[in-house]
>>> print(open('input_37.pdb').read())   # PDB, C-alpha atoms and all ligand atoms
ATOM      1  CA  LYS A 912       9.423  77.275   3.990
ATOM      2  CA  PRO A 913      13.119  77.310   3.053
ATOM      3  CA  PHE A 914      12.434  77.038  -0.698
ATOM      4  CA  LYS A 915      10.102  79.039  -2.893
ATOM      5  CA  ARG A 916      10.045  76.565  -5.760
ATOM      6  CA  ILE A 917      11.402  72.998  -6.005
ATOM      7  CA  LEU A 918      11.671  71.397  -9.439
ATOM      8  CA  LEU A 919      11.119  67.630  -9.634
ATOM      9  CA  THR A 920      12.233  66.070 -12.937
ATOM     10  CA  GLY A 921      11.048  62.579 -13.826
ATOM     11  CA  ALA A 922       7.691  63.372 -12.207
ATOM     12  CA  ALA A 923       5.805  60.861 -14.394
ATOM     13  CA  GLY A 924       8.143  58.009 -13.420
ATOM     14  CA  GLY A 925       7.868  55.357 -10.718
ATOM     15  CA  LEU A 926       9.684  57.380  -8.068
ATOM     16  CA  GLY A 927       8.435  60.743  -9.340
ATOM     17  CA  ARG A 928       4.809  59.740  -8.806
ATOM     18  CA  VAL A 929       5.578  58.561  -5.273
ATOM     19  CA  LEU A 930       7.517  61.720  -4.437
ATOM     20  CA  ARG A 931       4.832  64.002  -5.799
ATOM     21  CA  GLU A 932       2.580  62.850  -2.939
ATOM     22  CA  ARG A 933       5.258  63.473  -0.321
ATOM     23  CA  ILE A 934       7.161  66.697  -1.025
ATOM     24  CA  GLY A 935       4.301  69.192  -1.225
ATOM     25  CA  GLY A 936       5.158  70.752   2.135
ATOM     26  CA  TRP A 937       8.793  71.398   1.268
ATOM     27  CA  ALA A 938       8.298  74.536  -0.870
ATOM     28  CA  ASP A 939       5.661  77.130  -1.699
ATOM     29  CA  VAL A 940       5.461  75.604  -5.187
ATOM     30  CA  VAL A 941       6.555  72.236  -6.566
ATOM     31  CA  ARG A 942       7.177  72.312 -10.309
ATOM     32  CA  LEU A 943       6.694  68.848 -11.786
ATOM     33  CA  SER A 944       8.308  68.000 -15.084
ATOM     34  CA  ASP A 945       8.680  65.031 -17.415
ATOM     35  CA  ILE A 946       8.651  64.202 -21.107
ATOM     36  CA  GLY A 947       5.703  61.870 -20.385
ATOM     37  CA  GLU A 948       2.107  62.478 -19.316
ATOM     38  CA  MET A 949       1.437  63.813 -15.808
ATOM     39  CA  ASP A 950      -1.791  64.401 -13.886
ATOM     40  CA  PRO A 951      -2.943  68.040 -13.935
ATOM     41  CA  ALA A 952      -1.525  70.481 -11.383
ATOM     42  CA  ARG A 953      -3.158  70.643  -7.968
ATOM     43  CA  ALA A 954      -2.839  73.460  -5.405
ATOM     44  CA  GLY A 955       0.820  74.383  -4.880
ATOM     45  CA  GLU A 956       1.915  72.570  -8.054
ATOM     46  CA  GLU A 957       2.956  73.487 -11.567
ATOM     47  CA  VAL A 958       3.159  70.874 -14.325
ATOM     48  CA  VAL A 959       5.556  71.506 -17.211
ATOM     49  CA  LYS A 960       6.199  69.007 -20.001
ATOM     50  CA  CYS A 961       9.829  69.235 -21.042
ATOM     51  CA  ASP A 962      12.411  67.117 -22.845
ATOM     52  CA  LEU A 963      15.643  67.383 -20.867
ATOM     53  CA  SER A 964      17.673  67.211 -24.074
ATOM     54  CA  ASP A 965      16.118  70.528 -25.258
ATOM     55  CA  LYS A 966      18.490  73.154 -23.874
ATOM     56  CA  ALA A 967      16.232  76.187 -24.375
ATOM     57  CA  ALA A 968      13.252  74.388 -22.837
ATOM     58  CA  VAL A 969      15.294  73.370 -19.790
ATOM     59  CA  LEU A 970      16.451  76.955 -19.259
ATOM     60  CA  LYS A 971      12.836  78.089 -19.283
ATOM     61  CA  LEU A 972      11.886  75.219 -16.963
ATOM     62  CA  MET A 973      14.425  76.449 -14.413
ATOM     63  CA  GLU A 974      13.113  80.016 -14.105
ATOM     64  CA  GLY A 975      12.215  80.862 -10.505
ATOM     65  CA  VAL A 976      13.519  77.524  -9.156
ATOM     66  CA  ASP A 977      15.776  77.406  -6.091
ATOM     67  CA  ALA A 978      16.272  73.646  -5.610
ATOM     68  CA  VAL A 979      16.032  70.607  -7.895
ATOM     69  CA  LEU A 980      15.299  66.923  -7.373
ATOM     70  CA  HIS A 981      16.707  65.479 -10.595
ATOM     71  CA  PHE A 982      15.016  62.123 -11.201
ATOM     72  CA  GLY A 983      14.315  62.389 -14.955
ATOM     73  CA  GLY A 984      16.145  60.287 -17.516
ATOM     74  CA  VAL A 985      16.608  56.771 -18.838
ATOM     75  CA  SER A 986      16.548  54.572 -15.739
ATOM     76  CA  THR A 987      17.831  51.207 -17.006
ATOM     77  CA  GLU A 988      20.374  49.887 -19.498
ATOM     78  CA  HIS A 989      19.691  51.065 -23.074
ATOM     79  CA  ALA A 990      21.590  51.875 -26.250
ATOM     80  CA  PHE A 991      24.125  54.641 -25.695
ATOM     81  CA  GLU A 992      22.346  56.750 -28.337
ATOM     82  CA  ASP A 993      19.241  56.926 -26.106
ATOM     83  CA  ILE A 994      21.109  57.356 -22.854
ATOM     84  CA  VAL A 995      23.255  60.179 -24.200
ATOM     85  CA  GLN A 996      20.226  62.387 -24.941
ATOM     86  CA  ALA A 997      18.398  62.145 -21.629
ATOM     87  CA  ASN A 998      21.159  61.423 -19.124
ATOM     88  CA  ILE A 999      24.233  63.140 -20.523
ATOM     89  CA  ILE A1000      22.993  66.059 -22.630
ATOM     90  CA  GLY A1001      19.916  66.339 -20.380
ATOM     91  CA  THR A1002      21.913  66.483 -17.155
ATOM     92  CA  TYR A1003      24.328  68.985 -18.700
ATOM     93  CA  ASN A1004      21.393  71.184 -19.760
ATOM     94  CA  LEU A1005      19.965  70.945 -16.253
ATOM     95  CA  TYR A1006      23.205  72.033 -14.538
ATOM     96  CA  GLU A1007      23.887  74.828 -16.983
ATOM     97  CA  ALA A1008      20.355  76.176 -16.515
ATOM     98  CA  ALA A1009      20.577  75.749 -12.731
ATOM     99  CA  HIS A1010      23.795  77.744 -12.625
ATOM    100  CA  LYS A1011      22.356  80.509 -14.824
ATOM    101  CA  CYS A1012      19.208  80.720 -12.668
ATOM    102  CA  GLY A1013      21.074  80.806  -9.339
ATOM    103  CA  VAL A1014      19.781  77.446  -8.050
ATOM    104  CA  LYS A1015      21.326  76.675  -4.660
ATOM    105  CA  ARG A1016      21.120  72.904  -4.494
ATOM    106  CA  ILE A1017      20.426  69.816  -6.599
ATOM    107  CA  VAL A1018      19.752  66.279  -5.466
ATOM    108  CA  PHE A1019      20.825  63.964  -8.270
ATOM    109  CA  ALA A1020      19.313  60.486  -8.546
ATOM    110  CA  SER A1021      22.484  58.537  -9.252
ATOM    111  CA  SER A1022      22.526  54.763  -9.099
ATOM    112  CA  ASN A1023      24.247  51.753  -7.594
ATOM    113  CA  HIS A1024      25.107  50.939 -11.236
ATOM    114  CA  ALA A1025      27.867  53.573 -11.143
ATOM    115  CA  MET A1026      29.560  50.941  -8.942
ATOM    116  CA  GLY A1027      28.012  47.747 -10.318
ATOM    117  CA  PHE A1028      31.235  45.925 -11.186
ATOM    118  CA  HIS A1029      32.353  45.853  -7.568
ATOM    119  CA  ARG A1030      31.863  42.410  -6.102
ATOM    120  CA  GLN A1031      29.094  41.521  -3.707
ATOM    121  CA  THR A1032      31.792  40.541  -1.194
ATOM    122  CA  GLU A1033      33.085  44.160  -1.041
ATOM    123  CA  VAL A1034      31.907  47.047   1.132
ATOM    124  CA  ILE A1035      32.316  50.310  -0.792
ATOM    125  CA  ASP A1036      32.122  53.939   0.302
ATOM    126  CA  ALA A1037      32.009  57.411  -1.275
ATOM    127  CA  ASP A1038      35.729  57.329  -2.146
ATOM    128  CA  THR A1039      35.840  53.863  -3.700
ATOM    129  CA  PRO A1040      36.722  54.165  -7.417
ATOM    130  CA  VAL A1041      33.733  53.923  -9.732
ATOM    131  CA  ARG A1042      33.152  50.692 -11.653
ATOM    132  CA  PRO A1043      30.076  51.310 -13.819
ATOM    133  CA  ASP A1044      28.351  48.214 -15.161
ATOM    134  CA  GLY A1045      27.035  49.564 -18.491
ATOM    135  CA  MET A1046      26.183  52.672 -20.475
ATOM    136  CA  TYR A1047      23.515  53.570 -17.912
ATOM    137  CA  GLY A1048      26.011  53.379 -15.036
ATOM    138  CA  ILE A1049      28.517  55.390 -17.071
ATOM    139  CA  SER A1050      25.907  58.120 -17.554
ATOM    140  CA  LYS A1051      25.417  58.271 -13.774
ATOM    141  CA  CYS A1052      29.203  58.636 -13.314
ATOM    142  CA  PHE A1053      28.997  61.538 -15.766
ATOM    143  CA  GLY A1054      26.296  63.209 -13.656
ATOM    144  CA  GLU A1055      28.378  62.723 -10.513
ATOM    145  CA  ASN A1056      31.477  64.263 -12.146
ATOM    146  CA  LEU A1057      29.500  67.065 -13.738
ATOM    147  CA  SER A1058      27.973  68.014 -10.404
ATOM    148  CA  ARG A1059      31.405  67.855  -8.744
ATOM    149  CA  TYR A1060      32.671  70.306 -11.375
ATOM    150  CA  TYR A1061      29.770  72.719 -10.931
ATOM    151  CA  PHE A1062      30.330  72.715  -7.172
ATOM    152  CA  ASP A1063      34.067  73.362  -7.470
ATOM    153  CA  ARG A1064      33.619  76.018 -10.151
ATOM    154  CA  THR A1065      30.439  77.770  -9.003
ATOM    155  CA  GLY A1066      29.502  76.593  -5.488
ATOM    156  CA  LEU A1067      26.249  74.976  -6.679
ATOM    157  CA  GLU A1068      25.755  72.160  -4.152
ATOM    158  CA  THR A1069      24.730  68.603  -5.051
ATOM    159  CA  VAL A1070      23.929  65.457  -3.153
ATOM    160  CA  CYS A1071      24.369  62.438  -5.454
ATOM    161  CA  ILE A1072      22.273  59.559  -4.164
ATOM    162  CA  ARG A1073      23.436  56.201  -5.469
ATOM    163  CA  ILE A1074      19.997  54.665  -5.168
ATOM    164  CA  GLY A1075      19.889  50.908  -4.663
ATOM    165  CA  SER A1076      16.453  49.467  -5.532
ATOM    166  CA  SER A1077      13.506  51.669  -4.616
ATOM    167  CA  PHE A1078      10.293  49.788  -5.270
ATOM    168  CA  PRO A1079       7.317  48.776  -3.106
ATOM    169  CA  GLU A1080       9.195  45.570  -2.220
ATOM    170  CA  PRO A1081      12.387  43.739  -3.229
ATOM    171  CA  LYS A1082      11.863  41.775  -6.461
ATOM    172  CA  THR A1083      14.947  39.539  -6.201
ATOM    173  CA  ARG A1084      17.257  38.207  -3.528
ATOM    174  CA  ARG A1085      19.850  40.820  -4.580
ATOM    175  CA  MET A1086      17.333  43.561  -3.838
ATOM    176  CA  MET A1087      17.202  42.364  -0.224
ATOM    177  CA  VAL A1088      20.599  44.105  -0.008
ATOM    178  CA  THR A1089      19.906  47.086  -2.292
ATOM    179  CA  TYR A1090      16.323  47.804  -1.124
ATOM    180  CA  LEU A1091      15.413  51.426  -0.316
ATOM    181  CA  SER A1092      11.912  51.943   1.057
ATOM    182  CA  TYR A1093       9.904  54.942  -0.155
ATOM    183  CA  ASP A1094       9.867  56.323   3.406
ATOM    184  CA  ASP A1095      13.654  56.106   3.674
ATOM    185  CA  LEU A1096      14.049  57.644   0.201
ATOM    186  CA  THR A1097      11.848  60.550   1.269
ATOM    187  CA  GLU A1098      13.847  60.983   4.472
ATOM    188  CA  LEU A1099      17.150  60.924   2.553
ATOM    189  CA  LEU A1100      15.824  63.602   0.188
ATOM    190  CA  ARG A1101      14.675  65.684   3.143
ATOM    191  CA  CYS A1102      18.147  65.442   4.741
ATOM    192  CA  SER A1103      19.802  66.239   1.400
ATOM    193  CA  LEU A1104      17.704  69.357   0.854
ATOM    194  CA  PHE A1105      17.557  70.745   4.361
ATOM    195  CA  GLN A1106      21.024  70.229   5.834
ATOM    196  CA  PRO A1107      22.592  73.717   5.875
ATOM    197  CA  ARG A1108      25.783  72.679   4.048
ATOM    198  CA  VAL A1109      26.304  69.626   1.863
ATOM    199  CA  GLY A1110      28.956  70.785  -0.633
ATOM    200  CA  HIS A1111      29.260  67.868  -3.029
ATOM    201  CA  THR A1112      28.194  64.692  -1.258
ATOM    202  CA  ILE A1113      27.917  61.108  -2.473
ATOM    203  CA  VAL A1114      25.613  58.874  -0.454
ATOM    204  CA  TYR A1115      24.213  55.382  -0.990
ATOM    205  CA  GLY A1116      20.436  55.236  -0.966
ATOM    206  CA  VAL A1117      19.619  52.061   0.923
ATOM    207  CA  SER A1118      17.463  51.141   3.872
ATOM    208  CA  ASN A1119      18.785  49.605   7.077
ATOM    209  CA  ASN A1120      18.974  46.158   5.493
ATOM    210  CA  ARG A1121      20.639  43.285   7.296
ATOM    211  CA  GLU A1122      23.328  42.791   4.653
ATOM    212  CA  GLN A1123      25.143  45.957   3.538
ATOM    213  CA  TRP A1124      27.490  46.515   0.589
ATOM    214  CA  TYR A1125      27.636  50.259   1.268
ATOM    215  CA  ASP A1126      29.332  52.333   3.963
ATOM    216  CA  ASN A1127      27.788  55.810   4.350
ATOM    217  CA  THR A1128      30.213  57.078   7.026
ATOM    218  CA  LYS A1129      31.526  59.788   4.680
ATOM    219  CA  ALA A1130      27.993  61.162   4.258
ATOM    220  CA  ALA A1131      27.308  61.228   8.015
ATOM    221  CA  HIS A1132      26.881  65.030   7.869
ATOM    222  CA  LEU A1133      23.564  64.490   6.071
ATOM    223  CA  GLY A1134      22.131  62.950   9.237
ATOM    224  CA  TYR A1135      20.357  60.198   7.273
ATOM    225  CA  ARG A1136      19.135  57.357   9.523
ATOM    226  CA  PRO A1137      17.167  54.749   7.599
ATOM    227  CA  LYS A1138      14.279  53.251   9.567
ATOM    228  CA  ASP A1139      13.128  50.392   7.344
ATOM    229  CA  SER A1140      14.732  47.061   6.486
ATOM    230  CA  SER A1141      14.252  44.500   3.743
ATOM    231  CA  ALA A1142      14.046  41.974   6.596
ATOM    232  CA  ALA A1143      10.303  42.710   6.486
ATOM    233  CA  PHE A1144      10.311  40.784   3.168
ATOM    234  CA  ASP A1145      12.263  37.708   4.289
ATOM    235  CA  HIS A1146       9.222  35.578   3.506
ATOM    236  CA  LEU A1147       9.531  36.443  -0.200
ATOM    237  CA  PHE A1148      12.918  34.722  -0.508
ATOM    238  CA  PRO A1149      13.001  31.502   1.496
ATOM    239  CA  LEU A1150      16.340  29.712   1.351
ATOM    240  CA  SER A1151      16.148  27.167  -1.427
ATOM    241  CA  ALA A1152      18.314  25.308  -3.918
ATOM    242  CA  GLU A1153      17.090  27.629  -6.651
ATOM    243  CA  TYR A1154      19.410  30.433  -5.631
ATOM    244  CA  PRO A1155      21.535  31.248  -8.719
ATOM    245  CA  ALA A1156      24.827  29.424  -8.998
ATOM    246  CA  LYS A1157      28.009  31.060  -7.745
ATOM    247  CA  ASP A1158      29.342  31.510 -11.291
ATOM    248  CA  ASP A1159      26.275  33.534 -12.343
ATOM    249  CA  ALA A1160      27.490  37.121 -12.912
ATOM    250  CA  SER A1161      24.343  38.498 -11.298
ATOM    251  CA  THR A1162      25.275  36.883  -7.993
ATOM    252  CA  ILE A1163      28.956  37.883  -8.194
ATOM    253  CA  TYR A1164      28.692  41.614  -8.877
ATOM    254  CA  GLN A1165      26.776  44.308  -7.011
ATOM    255  CA  GLY A1166      25.076  45.472 -10.218
ATOM    256  CA  GLY A1167      23.347  42.092 -10.515
ATOM    257  CA  PRO A1168      21.745  41.446 -13.918
ATOM    258  CA  PHE A1169      22.907  44.817 -15.311
ATOM    259  CA  VAL A1170      26.510  43.563 -15.573
ATOM    260  CA  THR A1171      25.667  41.407 -18.598
ATOM    261  CA  GLN A1172      23.250  43.835 -20.293
ATOM    262  CA  GLY A1173      25.669  46.511 -21.487
ATOM    263  CA  PRO A1174      27.054  46.359 -25.027
ATOM    264  CA  ILE A1175      30.372  44.835 -25.954
ATOM    265  CA  TYR A1176      31.452  46.201 -29.311
ATOM    266  CA  LYS A1177      33.376  43.877 -31.635
ATOM    267  CA  ASP A1178      34.826  44.668 -35.068
TER     268      ASP A1178
HETATM  269  P1  LIG B1201      11.381  55.791 -14.359
HETATM  270  O1  LIG B1201      11.961  55.288 -15.632
HETATM  271  O2  LIG B1201      10.087  55.249 -13.895
HETATM  272  O3  LIG B1201      11.269  57.380 -14.427
HETATM  273  C1  LIG B1201      12.132  58.200 -15.168
HETATM  274  C2  LIG B1201      11.322  59.303 -15.815
HETATM  275  O4  LIG B1201      12.206  60.122 -16.589
HETATM  276  C3  LIG B1201      10.231  58.800 -16.767
HETATM  277  O5  LIG B1201       8.959  59.281 -16.364
HETATM  278  C4  LIG B1201      10.640  59.326 -18.117
HETATM  279  O6  LIG B1201       9.541  59.734 -18.930
HETATM  280  C5  LIG B1201      11.511  60.526 -17.755
HETATM  281  N1  LIG B1201      12.428  60.860 -18.858
HETATM  282  C6  LIG B1201      13.164  60.001 -19.619
HETATM  283  N2  LIG B1201      13.809  60.665 -20.592
HETATM  284  C7  LIG B1201      13.485  61.980 -20.445
HETATM  285  C8  LIG B1201      13.826  63.160 -21.141
HETATM  286  N3  LIG B1201      14.630  63.121 -22.217
HETATM  287  N4  LIG B1201      13.300  64.319 -20.727
HETATM  288  C9  LIG B1201      12.482  64.372 -19.651
HETATM  289  N5  LIG B1201      12.110  63.296 -18.951
HETATM  290  C10 LIG B1201      12.607  62.104 -19.338
HETATM  291  O7  LIG B1201      12.526  55.573 -13.254
HETATM  292  P2  LIG B1201      12.420  55.629 -11.666
HETATM  293  O8  LIG B1201      12.523  54.260 -11.137
HETATM  294  O9  LIG B1201      11.317  56.495 -11.241
HETATM  295  O10 LIG B1201      13.815  56.346 -11.329
HETATM  296  C11 LIG B1201      13.918  57.751 -11.220
HETATM  297  C12 LIG B1201      15.390  58.142 -11.200
HETATM  298  O11 LIG B1201      16.050  57.459 -10.151
HETATM  299  C13 LIG B1201      16.137  57.792 -12.484
HETATM  300  O12 LIG B1201      17.078  58.810 -12.774
HETATM  301  C14 LIG B1201      16.851  56.512 -12.143
HETATM  302  O13 LIG B1201      18.040  56.355 -12.906
HETATM  303  C15 LIG B1201      17.136  56.709 -10.664
HETATM  304  N6  LIG B1201      17.238  55.433  -9.948
HETATM  305  C16 LIG B1201      16.124  54.714  -9.632
HETATM  306  C17 LIG B1201      16.239  53.521  -8.947
HETATM  307  C18 LIG B1201      15.051  52.735  -8.495
HETATM  308  O14 LIG B1201      15.238  51.739  -7.813
HETATM  309  N7  LIG B1201      13.818  53.105  -8.805
HETATM  310  C19 LIG B1201      17.564  52.968  -8.619
HETATM  311  C20 LIG B1201      18.675  53.809  -9.005
HETATM  312  C21 LIG B1201      18.497  54.994  -9.640
HETATM  313  C1  LIG B1202      18.546  51.274 -11.123
HETATM  314  O1  LIG B1202      19.410  52.118 -11.293
HETATM  315  C2  LIG B1202      17.282  51.301 -11.889
HETATM  316  O2  LIG B1202      16.842  52.614 -12.152
HETATM  317  C3  LIG B1202      16.161  50.522 -11.223
HETATM  318  O3  LIG B1202      15.136  50.297 -12.182
HETATM  319  C4  LIG B1202      16.644  49.198 -10.643
HETATM  320  O4  LIG B1202      17.008  48.345 -11.671
HETATM  321  C5  LIG B1202      17.819  49.432  -9.715
HETATM  322  O5  LIG B1202      18.830  50.219 -10.316
HETATM  323  C6  LIG B1202      18.467  48.131  -9.211
HETATM  324  O6  LIG B1202      19.693  48.007  -9.306
HETATM  325  O7  LIG B1202      17.751  47.294  -8.688
END
>>> encode(input="input_37.pdb", output="structure tokens")
Amino acid sequence: KPFKRILLTGAAGGLGRVLRERIGGWADVVRLSDIGEMDPARAGEEVVKCDLSDKAAVLKLMEGVDAVLHFGGVSTEHAFEDIVQANIIGTYNLYEAAHKCGVKRIVFASSNHAMGFHRQTEVIDADTPVRPDGMYGISKCFGENLSRYYFDRTGLETVCIRIGSSFPEPKTRRMMVTYLSYDDLTELLRCSLFQPRVGHTIVYGVSNNREQWYDNTKAAHLGYRPKDSSAAFDHLFPLSAEYPAKDDASTIYQGGPFVTQGPIYKD
């Protein structure tokens, strides 16, 4: 196996629990970590409870690790004070520890919300300027820039996956465009970990859905070919008059409902 020990952060979360069942064969040991409760370790696993905002604990967590799947953190819009601990200080602690421990590669679970204020009529790629749609999206931009810096300064490689919507099935009409199946997510992680050279890559994590807001040409070197499509869920969203009006922000911007959830501070 190419890796001795892979660290998965966010292991108690929605995606972490799915990935736990799928990445066992990728390393001799998978170290699972979260601030929340996790099932006990099975063969080939280690379970370590850790708050990402605790710098010393994260350094200890990283010992003996050679690759990281960084999925831990606040995963929706929240007060900046909460986001800063897990996503900004936490991601900084993770990169600093990874550098100190000689980690070769990190896959960072970024989000479509780094780009959420682009319109649904646009097709964006890895070089399109960021337009975060809230404090959560801003924290993902921070992770993307931080990882860019660590690559330029130290050679630590990162693939930033701007995940669309990875759930068992699309929950809204918007998610018919942003849907990423669990199989395609797993395949994108496999490509991101096992391609010989990735440098610092930004890729959109979506399935082969009929409508696309994302152009992954600049991440072609990953070799990611999604197999699934949200078309399998067409029956969930029959065309009807109930589709939100054209002046509803959630149908104008790619970030959907997130674009009206972030704070606007007034004196
Ligand atoms: P989730 O909220 O279910 O899981 C996140 C996990 O991070 C939780 O188990 C939580 O306990 C843990 N966590 C939060 N603060 C922490 C801290 N201070 N220290 C250690 N652990 C902490 O979210 P989900 O859906 O599993 O997403 C995983 C990652 O993927 C997140 O980073 C999220 O931003 C990203 N993502 C997910 C998308 C999706 O469609 N599921 C879309 C875009 C991005
Ligand atoms: C995200 O970044 C969130 O983590 C996830 O819960 C979904 O809301 C997703 O984006 C989305 O945009 O559908």
>>> residues_around(input="input_37.pdb", residues="range 1112-1124 of chain A", least_positions_apart="2", cutoff="8 Å", atoms="all atoms listed in the file", output="MDAnalysis selection string")
chainID A and resid 1023 1031:1035 1037 1069:1076 1087:1092 1095:1096 1099 1109:1110 1126:1127 1129:1130 1137:1142 1165
>>> resolve_selection(input="input_37.pdb", expression="the PyMOL selection byres (((chain A and resi 1045) around 9) and not hetatm)", output="PyMOL selection string")
chain A and resi 988-989+1024-1025+1027+1043-1044+1046-1050+1169-1174
>>> closest_residue(input="input_37.pdb", among="A:Gly983, A:Gly947, A:Glu932, A:Ala952", to="Leu919 in chain A", atoms="only C-alpha atoms")
A:Gly983
>>> axis_aligned_box(input="input_37.pdb", around="ligand LIG 1201 (chain B)", padding_each_side="3 Å", output="AutoDock Vina command-line options")
--center_x 13.8 --center_y 58.1 --center_z -15.0 --size_x 15.7 --size_y 18.6 --size_z 20.4
>>> closest_residue(input="input_37.pdb", among="A:His1146, A:Arg1042, A:Lys1082, A:His981", to="Ile1017 in chain A", atoms="all atoms listed in the file")
A:His981
>>> residues_around(input="input_37.pdb", residues="Leu972 in chain A", least_positions_apart="3", cutoff="9 Å", atoms="all atoms listed in the file", output="PyMOL selection string")
chain A and resi 918+942+944+959-961+967-969+975-976+1008
